[in-house]
Amino acid sequence: MGALADQFGQMNMGQKGLRLFTTNLLTSPPEPMELRQPPPEIVLPPNSCLSQSPFANADSSYQRSTLNAIPTTNSLLNKSKIPLGLVITPYRSLKEGEDEVPVVTDTVIARCRRCRTYINPYVQFIDGGNRWRCCMCSLSNEVPQLFDWDQVRNQPGDRWARAELNHAVVEFVAPTEYMVRPPQPAVYIFLVDVSHNAIQSGMVATATRTILENLDRIPDDNGRTKVSIIAFDTSLYFFTLPSGGADSSMLVVSDIDDVFLPKPTDLLVNLQEARPALESLLGRLSDMFQDNHTIGSALGPALQAAFQLMASIGGKIIALTATLPSVGVGALKNREDPKALGTSKESGLLQAASPFYKTFAIECSRAQVSVDMFLFSSGYQDVATLAYLPHYTAGQTYFYPAFNASRTEDAIKFAHEFGKVLAMPIMLEAVMRVRASKNLRMSSFHGNFFVRSTDLLAMPAVPQDLSYAIEVQIEDTITSPFVVFQTAVLHTTCYGERRIRVITTALPTTSNLSDVFASADQVAIATLLANKAVERSITHKLEDARDALFNKMVEILSAYKASMTAAGAGASAQLAISENLKMLAVLVLGLLKNVGIRQSAQIPPDLRAYAQALLTSLPSQLLIPYVYPNFYSLHTMPPECGTVGEHGVIMPPPLPLTSERLERHGLYLIEDGQTLFLWIGRDAVPQLVMDVFNLPNYEVLRGGKTTLPVLDNPFSQRVNAIIQKTREIRRGVYHQHLYIVKEDGEPPLRLWALSCLIQDRADVLPSYQQFISQLKDKVNGSGY
Amino acid sequence: MAYVGWLYLFSVLMAAALLFAAVFFMIMFSDLESDYINPVDLCNKLNQFVIPEHAAHGFLTVLFLLSGQWIAFLLNAPLLAFNVRKIMKQNHVYDATEIFRTLEPHKKEIFIKLGFYLLSFFFYLYSMIVALVSDTP
């Protein structure tokens with residue numbers, strides 16, 4: 001009744017608020033297509049925006065809020081139980097056909113005197129346009145003199161055409177006041193592990209070849225980029241790369257207790273000038289250490305050496321290692337303990353084993369050095385500890401368990417991802433700050449960066465397509481009809497220009513609980529919850545993280561039931577939630593079943609740590625399939641699927657993730673953004689096997705990592721087109737491995753593929769139906 | 001029993017010093033909150049004082065034990081146990097990477113310590129006077 005009254009109330013008020021539709025989770029199964037819907041519409045009060053441009057509010061791929069209507073009071077927010085937060089991907093890569101971020105080049109940057117907000121489409125011009133009123137703190141500011149002047153053509157310009165008043169995502173070219181020093185060149189230092197393991201796995205050969213092939217793609221538009229290569233096993237090997245010459249010489253430093261640079265010059269060199277020497281070195285590096293039988297790794301000292309080399313400039317260290325660091329500072333012990341898995345001690349394995357990786361990260365952050373880790377070990381490598389370094393220096397961890405370059409797929413995957421990382425234009429020396437309207441406060445921060453002061457995030461280098469989640473607190477009653485969140489990233493581009501990227505999102509406020517529910521964005525909520533769960537699993541226990549997720553879901557459902565349905569506090573035969581939050585339950589179930597959080601005694605800590613690194617850094621677009629994979633039936637897909645349509649290759653309709661949909665004669669594709677599984681049923685007809693795999697029948701088909709042949713028949717081409725499209729459709733560097741999974745094939749692979757079907761029961765983990773009834777019992781039992 | 005008076009005199013001075021240390025910690029934390037200091041400097045500065053502070057408190061407690069001042073010892077024992085446990089678990093140092101997340105518990109801890117040192121200061125003062133009074137014939 002309350003809900004109905006609320007809705008009527010809304011209509012009477014003439015507000016264009018969102019309509020709230022209640023749905024019953026017990027009778028409406030999850031519908032995968034709904035995850036592809038855009039978030040609930042942002043309905044701003046009329047005349048709040050200066051511009052009619054459709055870009056005046058930031059796209060959800062840059063910045064999205066868990067609630068698209070902000071409650072005016074904290075008690076209203078608490079009543080809804082939905083966590084308030086922002087999910088931000090400030091530096092998003094652009095696919096072909098997407099609009100570039102507009103750049104304001106005239107260095108006229110209008111900012112509020114008090115709160116330092118950048119001018120945006122939500123300010124008000126007053127006093128005949130001579131002053132503007134800040135949308136966050138309502139202070140009236142002067143409009144800068146040159147604001148209406150077109151400096152390119154030297155004539156009066158049109159204020160209303162300025163990019164910052166029409167676009168929510170803009171970049172300002174920053175004048176010298178925004179610089180601590182002149183923009184630095186981009187610096188890349190490669191730390192290559194050349195110990196026995198690394199050489200044997202073929203990592204060194206693949207890595208050097210990839211660097212060699214991608215030298216042209218490394219951002220170097222103005223010829224300032226510097227590079228260096230340091231190899232290490234239990235000693236450090238430096239290479240001098242004289243400019244102009246083609247010969248390099250190697251300098252060995254075996255004193256790893258007190259790292260020093262063997263030569264003051266020629267170690268860190270200009271990419272263009274030393275190109276010949278670099279090319280010849282990269283060609284030879286793997287052969288030089290061909291017979292290296294040294295086992296062990298001095299990763300810590302190597303990192304220190306690289307740091308010394310670049311500390312005055314800053315930049316990026318790319319560490320490639322296939323061994324557990326064993327000597328020098330930062331040496332780690334093998335602490336993998338199968339008995340601890342699945343118990344409360346497990347979270348200890350996810351915490352840093354050595355303080356070095358935190359203290360060194362802080363040093364790096366101060367010197368504007370960012371670290372990317374590429375890990376390849378076949379044994380235990382303590383990914384958890386090593387990942388702290390990228391975590392606090394705004395880098396990223398990449399993990400290739402049991403990498404072996406003699407398998408073409410491994411080599412292709414690594415080369416593809418590494419190549420993309422090298423080619424990626426990065427932001428250097430960046431700091432990020434999120435400002436918000438009065439009475440809103442950023443309370444805690446999740447993602448890869450170092451929190452330098454209460455709300456300043458230090459990021460020595462910002463890679464593309466990394467997501468950050470920020471929790472927001474409502475401190476006092478908000479009186480304005482709408483609020484504004486503004487993210488500003490002050491950075492140096494890798495082409496030597498100081499810039500500020502500003503992302504503005506305006507959201508209406510509401511004092512109506514039904515609006516809060518109707519405007520909730522389930523994808524953003526799931527992203528925020530993933531970040532919070534990972535943090536909790538490290539500071540507390542994995543068990544606590546799972547309980548917290550489950551309880552959050554129960555709280556939201558209870559709150560909805562108590563305030564939005566007729567059942568109120570009593571028991572109800574329904575499990576009601578608003579239409580736009582329908583998928584939240586299955587996303588939470590997906591999180592509970594994700595490798596990073598799942599209850600299991602079989603997950604190696606390395607895989608868990610890597611999954612957690614992904615959960616805290618993937619943007620929503622990649623995170624959602626990682627939590628709720630895509631599942632397609634290929635043998636029954638409509639004939640147009642896999643052919644090129646208006647928007648590229650047409651994809652088959654996604655199926656709900658349950659093995660009920662698996663037919664014994666079918667061919668299915670399951671993908672979670674990191675891996676692709678091609679599932680084939682045991683009664684697959686020979687014609688199907690022939691068409692797709694070019695093999696006579698199901699029996700001779702082998703499961704495992706593979707590359708699918710492109711055959712001269714339409715079905716094979718369509719399947720390949722779908723796989724190709726799946727690999728390209730998302731932003732980010734990841735290249736998915738393709739596994740063929742036979743229904744009666746090796747159990748580990750089968751179970752892995754089946755673990756993607758999260759609506760099924762697996763071991764102790766409930767099926768979707770069981771999960772929903774657990775939720776219902778809790779909601780009815782708790783008696784709000 | 002002359003030494004008891006001296007012991008408590010010493011304790012009063014120590015408690016005053018510990019009190020100052022706790023106040024210093026509080027001030028530093030509020031500086032961090034209002035952005036006057038960055039977390040790295042804060043942690044480097046505070047970490048210098050963590051072990052001395054714990055050691056001073058531990059020394060005092062051991063003195064009470066050795067001299068048979070049971071009430072004073074029992075008062076201090078829980079805090080000593082808490083400190084020892086923290087050091088055993090290696091989380092006695094302030095971690096710059098997590099300081100903002102753990103600021104509230106840290107502040108609470110320092111606040112409680114502050115109160116404790118204040119109370120013990122007066123307790124030692126009282127005990128000192130009692131000891132001196134009973135000393136003089």
# chains A, B, ... in the order shown; residues from 1 in each chain; ligands from 1
call {"tool": "select_by_dssp", "arguments": {"residues": "segment 597-774 of chain A", "states": "strand (DSSP E)", "output": "list in words"}}
result
Asn630, Phe631, Tyr632, Ser633, Val644, Gly645, Gly648, Val649, Leu667, Tyr668, Leu669, Ile670, Glu671, Thr675, Leu676, Phe677, Leu678, Trp679, Ile680, Gly704, Lys705, His737, Leu738, Tyr739, Ile740, Val741 and Lys742 of chain A
call {"tool": "closest_atom_pairs", "arguments": {"of": "chain A", "to": "chain B", "cutoff": "9 Å", "atoms": "only C-alpha atoms", "output": "CSV"}}
result
residue,atom,partner,partner_atom,distance
A:Lys358,CA,B:Thr97,CA,7.2
A:Thr359,CA,B:Ala96,CA,8.3
A:Ala361,CA,B:Thr97,CA,8.8
A:Ile362,CA,B:Val40,CA,7.5
A:Tyr392,CA,B:Thr97,CA,7.4
A:Ser444,CA,B:Arg101,CA,7.2
A:Phe445,CA,B:Arg101,CA,8.7
A:Phe450,CA,B:Thr97,CA,6.4
A:Val451,CA,B:Thr97,CA,7.0
A:Arg452,CA,B:Asn38,CA,6.2
A:Ser453,CA,B:Asn38,CA,5.9
A:Thr454,CA,B:Glu33,CA,6.3
call {"tool": "atom_distance", "arguments": {"atom1": "atom CA of Ser53 of chain A", "atom2": "atom CA of Pro508 of chain A"}}
result
17.8 Å
call {"tool": "residues_around", "arguments": {"residues": "Ala319 of chain A", "least_positions_apart": "5", "cutoff": "7 Å", "atoms": "only C-alpha atoms", "output": "list in words"}}
result
Phe190, Leu191, Val192, Asp372, Met373 and Phe374 of chain A
call {"tool": "write_last_selection", "arguments": {"atoms": "N, CA and C atoms", "output": "mmCIF file, in the first residue's frame"}}
result
data_model
loop_
_atom_site.group_PDB
_atom_site.id
_atom_site.type_symbol
_atom_site.label_atom_id
_atom_site.label_comp_id
_atom_site.auth_asym_id
_atom_site.auth_seq_id
_atom_site.Cartn_x
_atom_site.Cartn_y
_atom_site.Cartn_z
ATOM 1 N N PHE A 190 62.245 -2.495 -18.011
ATOM 2 C CA PHE A 190 61.826 -3.896 -18.023
ATOM 3 C C PHE A 190 62.735 -4.696 -17.107
ATOM 4 N N LEU A 191 62.147 -5.373 -16.148
ATOM 5 C CA LEU A 191 62.911 -6.267 -15.287
ATOM 6 C C LEU A 191 62.589 -7.676 -15.756
ATOM 7 N N VAL A 192 63.580 -8.340 -16.322
ATOM 8 C CA VAL A 192 63.306 -9.660 -16.892
ATOM 9 C C VAL A 192 63.991 -10.734 -16.065
ATOM 10 N N ASP A 372 54.186 -2.647 -12.785
ATOM 11 C CA ASP A 372 53.297 -3.687 -13.303
ATOM 12 C C ASP A 372 53.977 -5.026 -13.074
ATOM 13 N N MET A 373 53.225 -6.006 -12.618
ATOM 14 C CA MET A 373 53.804 -7.329 -12.372
ATOM 15 C C MET A 373 53.244 -8.318 -13.384
ATOM 16 N N PHE A 374 54.121 -8.995 -14.062
ATOM 17 C CA PHE A 374 53.711 -10.119 -14.909
ATOM 18 C C PHE A 374 54.280 -11.371 -14.258
#
call {"tool": "select_by_dssp", "arguments": {"residues": "segment 11-118 of chain B", "states": "helix (DSSP H, G or I)", "output": "ChimeraX atom specification"}}
result
/B:11-33,39-66,70-88,103-118
call {"tool": "atom_distance", "arguments": {"atom1": "atom CA of Phe356 of chain A", "atom2": "atom CA of Ser344 of chain A"}}
result
25.0 Å
call {"tool": "atom_distance", "arguments": {"atom1": "atom CA of Ile412 of chain A", "atom2": "atom CA of Asp672 of chain A"}}
result
18.8 Å
call {"tool": "residues_around", "arguments": {"residues": "segment 108-120 of chain B", "least_positions_apart": "4", "cutoff": "8 Å", "atoms": "only C-alpha atoms", "output": "list in words"}}
result
Ala15, Ala16, Leu18, Leu19, Ala22, Val23, Phe25, Met26, Glu104 and Tyr124 of chain B
call {"tool": "residues_around", "arguments": {"residues": "Val692 of chain A", "least_positions_apart": "4", "cutoff": "9 Å", "atoms": "only C-alpha atoms", "output": "list in words"}}
result
Gln687, Leu688, Leu708, Pro709, Val710, Leu711, Asn713, Phe715, Ser716, Gln717, Val719 and Asn720 of chain A
call {"tool": "closest_residue", "arguments": {"among": "B:Ile87, B:Ala56, B:Ala72, B:Val62", "to": "Met128 of chain B", "atoms": "only C-alpha atoms"}}
result
B:Ala72
call {"tool": "closest_residue", "arguments": {"among": "B:Leu75, B:Ala2, B:Leu9, B:Ala17", "to": "Leu125 of chain B", "atoms": "only C-alpha atoms"}}
result
B:Leu9
call {"tool": "closest_residue", "arguments": {"among": "B:Phe82, B:Phe121, B:Phe64, B:Phe49", "to": "Met14 of chain B", "atoms": "only C-alpha atoms"}}
result
B:Phe121
call {"tool": "residues_around", "arguments": {"residues": "Arg433 of chain A", "least_positions_apart": "6", "cutoff": "7 Å", "atoms": "only C-alpha atoms", "output": "list in words"}}
result
Asp455, Leu456, Leu457, Thr487, Ala488 and Val489 of chain A
call {"tool": "write_last_selection", "arguments": {"atoms": "N, CA and C atoms", "output": "mmCIF file, in the first residue's frame"}}
result
data_model
loop_
_atom_site.group_PDB
_atom_site.id
_atom_site.type_symbol
_atom_site.label_atom_id
_atom_site.label_comp_id
_atom_site.auth_asym_id
_atom_site.auth_seq_id
_atom_site.Cartn_x
_atom_site.Cartn_y
_atom_site.Cartn_z
ATOM 1 N N ASP A 455 41.518 12.676 1.005
ATOM 2 C CA ASP A 455 40.745 12.392 -0.203
ATOM 3 C C ASP A 455 41.570 12.519 -1.481
ATOM 4 N N LEU A 456 42.874 12.441 -1.353
ATOM 5 C CA LEU A 456 43.727 12.576 -2.530
ATOM 6 C C LEU A 456 44.347 11.221 -2.850
ATOM 7 N N LEU A 457 44.103 10.742 -4.066
ATOM 8 C CA LEU A 457 44.615 9.438 -4.447
ATOM 9 C C LEU A 457 45.829 9.632 -5.340
ATOM 10 N N THR A 487 34.993 14.181 -10.551
ATOM 11 C CA THR A 487 36.289 13.532 -10.409
ATOM 12 C C THR A 487 37.286 14.292 -11.255
ATOM 13 N N ALA A 488 38.395 14.672 -10.662
ATOM 14 C CA ALA A 488 39.428 15.372 -11.423
ATOM 15 C C ALA A 488 40.724 14.586 -11.317
ATOM 16 N N VAL A 489 41.326 14.323 -12.466
ATOM 17 C CA VAL A 489 42.604 13.621 -12.485
ATOM 18 C C VAL A 489 43.630 14.553 -13.109
#
call {"tool": "residues_around", "arguments": {"residues": "Leu589 of chain A", "least_positions_apart": "5", "cutoff": "10 Å", "atoms": "only C-alpha atoms", "output": "list in words"}}
result
Arg546, Leu549, Phe550, Met553, Met583, Leu584, Asn594, Arg598, Val627, Tyr628, Ile758, Gln759, Leu765, Pro766, Ser767, Tyr768, Phe771 and Ile772 of chain A
